[in-house]
Amino acid sequence: MRKLTHALLAALIGLIAVYTLVAISLCEGALHLRRKALTEQMRTLAEDNAQKLNAKMEDVKVAAFDGTTLRAWLFRPEQGNGDAVIVLHGQLDNRAGPAAFAPMLLRHHYAVLAPDSRDHGESGGNLATYGLYESRDVSSWVDWLTAQNYHGCVYGLGESMGAAVLLQALPKEPRLCAAVAESPYASFREVAYERLAQRWGGGAWAHRLLTVPLVSEAFVYARLRYGIDLNQVSPAHAVAWTRTPGLLVHGAKDFNIPLRHCQAILKNHSGVMEFWEVPGAEHTRAFATAPEEFELRVTDWFSRYSRR
């Protein structure tokens, strides 16, 4: 009997050790991302799109609150209206992704700033924090735009992780006049559950018995190893502390970040927030699915809250 007890105890300890190693591996993989290189082809395409509208594109940089160098493209319209839009990309992307919105916004005389998020593209940093640090980086870019004489409105347009970062920036950055967030997650914890459940088949059993304790242990490791509390990554919580008007956009066929994330955010907002569910659109594909309506809704939202 004693031998059996010892064997069971050893098996349990071994299982816990394996579980801990899996949690650590998942955490490290989430915080240290593989960068998507910014290629010359991407740069050429962005420049060509700007030149078609007689706009100028330039490389710019800023030092973040912790000294990290952040890099971006700035698109200046031929005849600007004094306002600027910061466009934020998703996880594993770079500035070339949201730079696709530049022609749409330049046509309406907005300057467009497309940054590489920290630990992405050509920006510095070796840790992605999903909004903990990145939301403060938004303020660094607002400071920079103000120093460049953009004294009108600064708006935000973000996709996926960029949308979540933007929403978390709103309580910290009241200078933003309005925001458009497509496919944000309600919290990093909830989207982590989603990712693991999708990876392992997505059933209720996997979600309850595997993903919840794994994510919890990974969060503990992140706090002990890197001093970051991923429980604080919550756009749904952040919007309860801002009056900045927000437009939420979500594809009806988004199975990457399900619609319920946007619905949870919508319930918590303390100010003006509207929601557009895009029929037939998959994850961050609203512009590709309904380009004319997307342009109309986004530019109308910004002009509605203009200081001009």
# chains A, B, ... in the order shown; residues from 1 in each chain; ligands from 1
>>> select_by_dssp(residues="segment 104-264 of chain A", states="strand (DSSP E or B)", output="NGL selection string")
:A and (111-115 or 154-159 or 176-182 or 246-251)
>>> closest_atom_pairs(of="segment 48-164 of chain A", to="segment 17-28 of chain A", cutoff="12 Å", atoms="only C-alpha atoms", output="JSON lines")
{"residue": "A:Asn126", "atom": "CA", "partner": "A:Glu28", "partner_atom": "CA", "distance": 11.1}
{"residue": "A:Leu127", "atom": "CA", "partner": "A:Glu28", "partner_atom": "CA", "distance": 9.3}
{"residue": "A:Ala128", "atom": "CA", "partner": "A:Glu28", "partner_atom": "CA", "distance": 10.1}
{"residue": "A:Thr129", "atom": "CA", "partner": "A:Cys27", "partner_atom": "CA", "distance": 10.9}
>>> write_last_selection(atoms="C-alpha atoms", output="short mmCIF file (atom, residue, chain, number, x, y, z; two decimals), in the first residue's frame")
data_model
loop_
_atom_site.label_atom_id
_atom_site.label_comp_id
_atom_site.auth_asym_id
_atom_site.auth_seq_id
_atom_site.Cartn_x
_atom_site.Cartn_y
_atom_site.Cartn_z
CA ASN A 126 11.70 42.22 -26.41
CA LEU A 127 8.44 41.77 -24.57
CA ALA A 128 4.87 42.02 -25.87
CA THR A 129 2.48 42.90 -23.03
#
>>> residues_around(residues="Pro245 of chain A", least_positions_apart="3", cutoff="7 Å", atoms="only C-alpha atoms", output="list in words")
Ala178, Ala179, Gly271, Val272 and Met273 of chain A
>>> write_last_selection(atoms="all heavy atoms", output="PDB file, in the first residue's frame")
ATOM      1  N   ALA A 178     -11.530  60.441 -30.430  1.00  0.00           N
ATOM      2  CA  ALA A 178     -12.444  59.326 -30.697  1.00  0.00           C
ATOM      3  C   ALA A 178     -11.615  58.127 -31.119  1.00  0.00           C
ATOM      4  O   ALA A 178     -10.461  58.269 -31.540  1.00  0.00           O
ATOM      5  CB  ALA A 178     -13.472  59.682 -31.778  1.00  0.00           C
ATOM      6  N   ALA A 179     -12.221  56.947 -31.026  1.00  0.00           N
ATOM      7  CA  ALA A 179     -11.504  55.713 -31.337  1.00  0.00           C
ATOM      8  C   ALA A 179     -12.390  54.762 -32.113  1.00  0.00           C
ATOM      9  O   ALA A 179     -13.610  54.718 -31.907  1.00  0.00           O
ATOM     10  CB  ALA A 179     -11.022  55.041 -30.053  1.00  0.00           C
ATOM     11  N   GLY A 271     -19.277  55.929 -21.555  1.00  0.00           N
ATOM     12  CA  GLY A 271     -19.633  57.099 -22.349  1.00  0.00           C
ATOM     13  C   GLY A 271     -20.397  56.718 -23.600  1.00  0.00           C
ATOM     14  O   GLY A 271     -21.294  55.875 -23.581  1.00  0.00           O
ATOM     15  N   VAL A 272     -20.008  57.336 -24.721  1.00  0.00           N
ATOM     16  CA  VAL A 272     -20.665  57.079 -26.004  1.00  0.00           C
ATOM     17  C   VAL A 272     -19.934  55.946 -26.718  1.00  0.00           C
ATOM     18  O   VAL A 272     -18.734  56.045 -26.976  1.00  0.00           O
ATOM     19  CB  VAL A 272     -20.655  58.346 -26.894  1.00  0.00           C
ATOM     20  CG1 VAL A 272     -21.292  58.050 -28.246  1.00  0.00           C
ATOM     21  CG2 VAL A 272     -21.378  59.488 -26.198  1.00  0.00           C
ATOM     22  N   MET A 273     -20.636  54.875 -27.016  1.00  0.00           N
ATOM     23  CA  MET A 273     -20.043  53.773 -27.762  1.00  0.00           C
ATOM     24  C   MET A 273     -21.096  53.173 -28.667  1.00  0.00           C
ATOM     25  O   MET A 273     -22.224  52.913 -28.241  1.00  0.00           O
ATOM     26  CB  MET A 273     -19.467  52.704 -26.835  1.00  0.00           C
ATOM     27  CG  MET A 273     -18.820  51.530 -27.576  1.00  0.00           C
ATOM     28  SD  MET A 273     -17.780  50.498 -26.510  1.00  0.00           S
ATOM     29  CE  MET A 273     -16.249  51.432 -26.537  1.00  0.00           C
TER      30      MET A 273
END
>>> closest_atom_pairs(of="segment 97-167 of chain A", to="segment 211-232 of chain A", cutoff="9 Å", atoms="only C-alpha atoms", output="tab-separated table")
residue	atom	partner	partner_atom	distance
A:Thr129	CA	A:Leu230	CA	7.5
A:Tyr130	CA	A:Leu230	CA	8.3
A:Gly131	CA	A:Gln232	CA	8.9
A:Leu132	CA	A:Gln232	CA	7.3
>>> write_last_selection(atoms="C-alpha atoms", output="mmCIF file, in the first residue's frame")
data_model
loop_
_atom_site.group_PDB
_atom_site.id
_atom_site.type_symbol
_atom_site.label_atom_id
_atom_site.label_comp_id
_atom_site.auth_asym_id
_atom_site.auth_seq_id
_atom_site.Cartn_x
_atom_site.Cartn_y
_atom_site.Cartn_z
ATOM 1 C CA THR A 129 2.484 42.902 -23.030
ATOM 2 C CA TYR A 130 -0.804 43.193 -24.968
ATOM 3 C CA GLY A 131 -1.633 46.648 -23.674
ATOM 4 C CA LEU A 132 0.155 47.042 -20.346
#
>>> residues_around(residues="Trp73 of chain A", least_positions_apart="5", cutoff="9 Å", atoms="only C-alpha atoms", output="MDAnalysis selection string")
chainID A and resid 57:61 95:96 99 112:116
>>> select_by_dssp(residues="segment 34-206 of chain A", states="helix (DSSP H, G or I)", output="ChimeraX atom specification")
/A:40-51,98-106,134-147,161-169,188-199,204-206
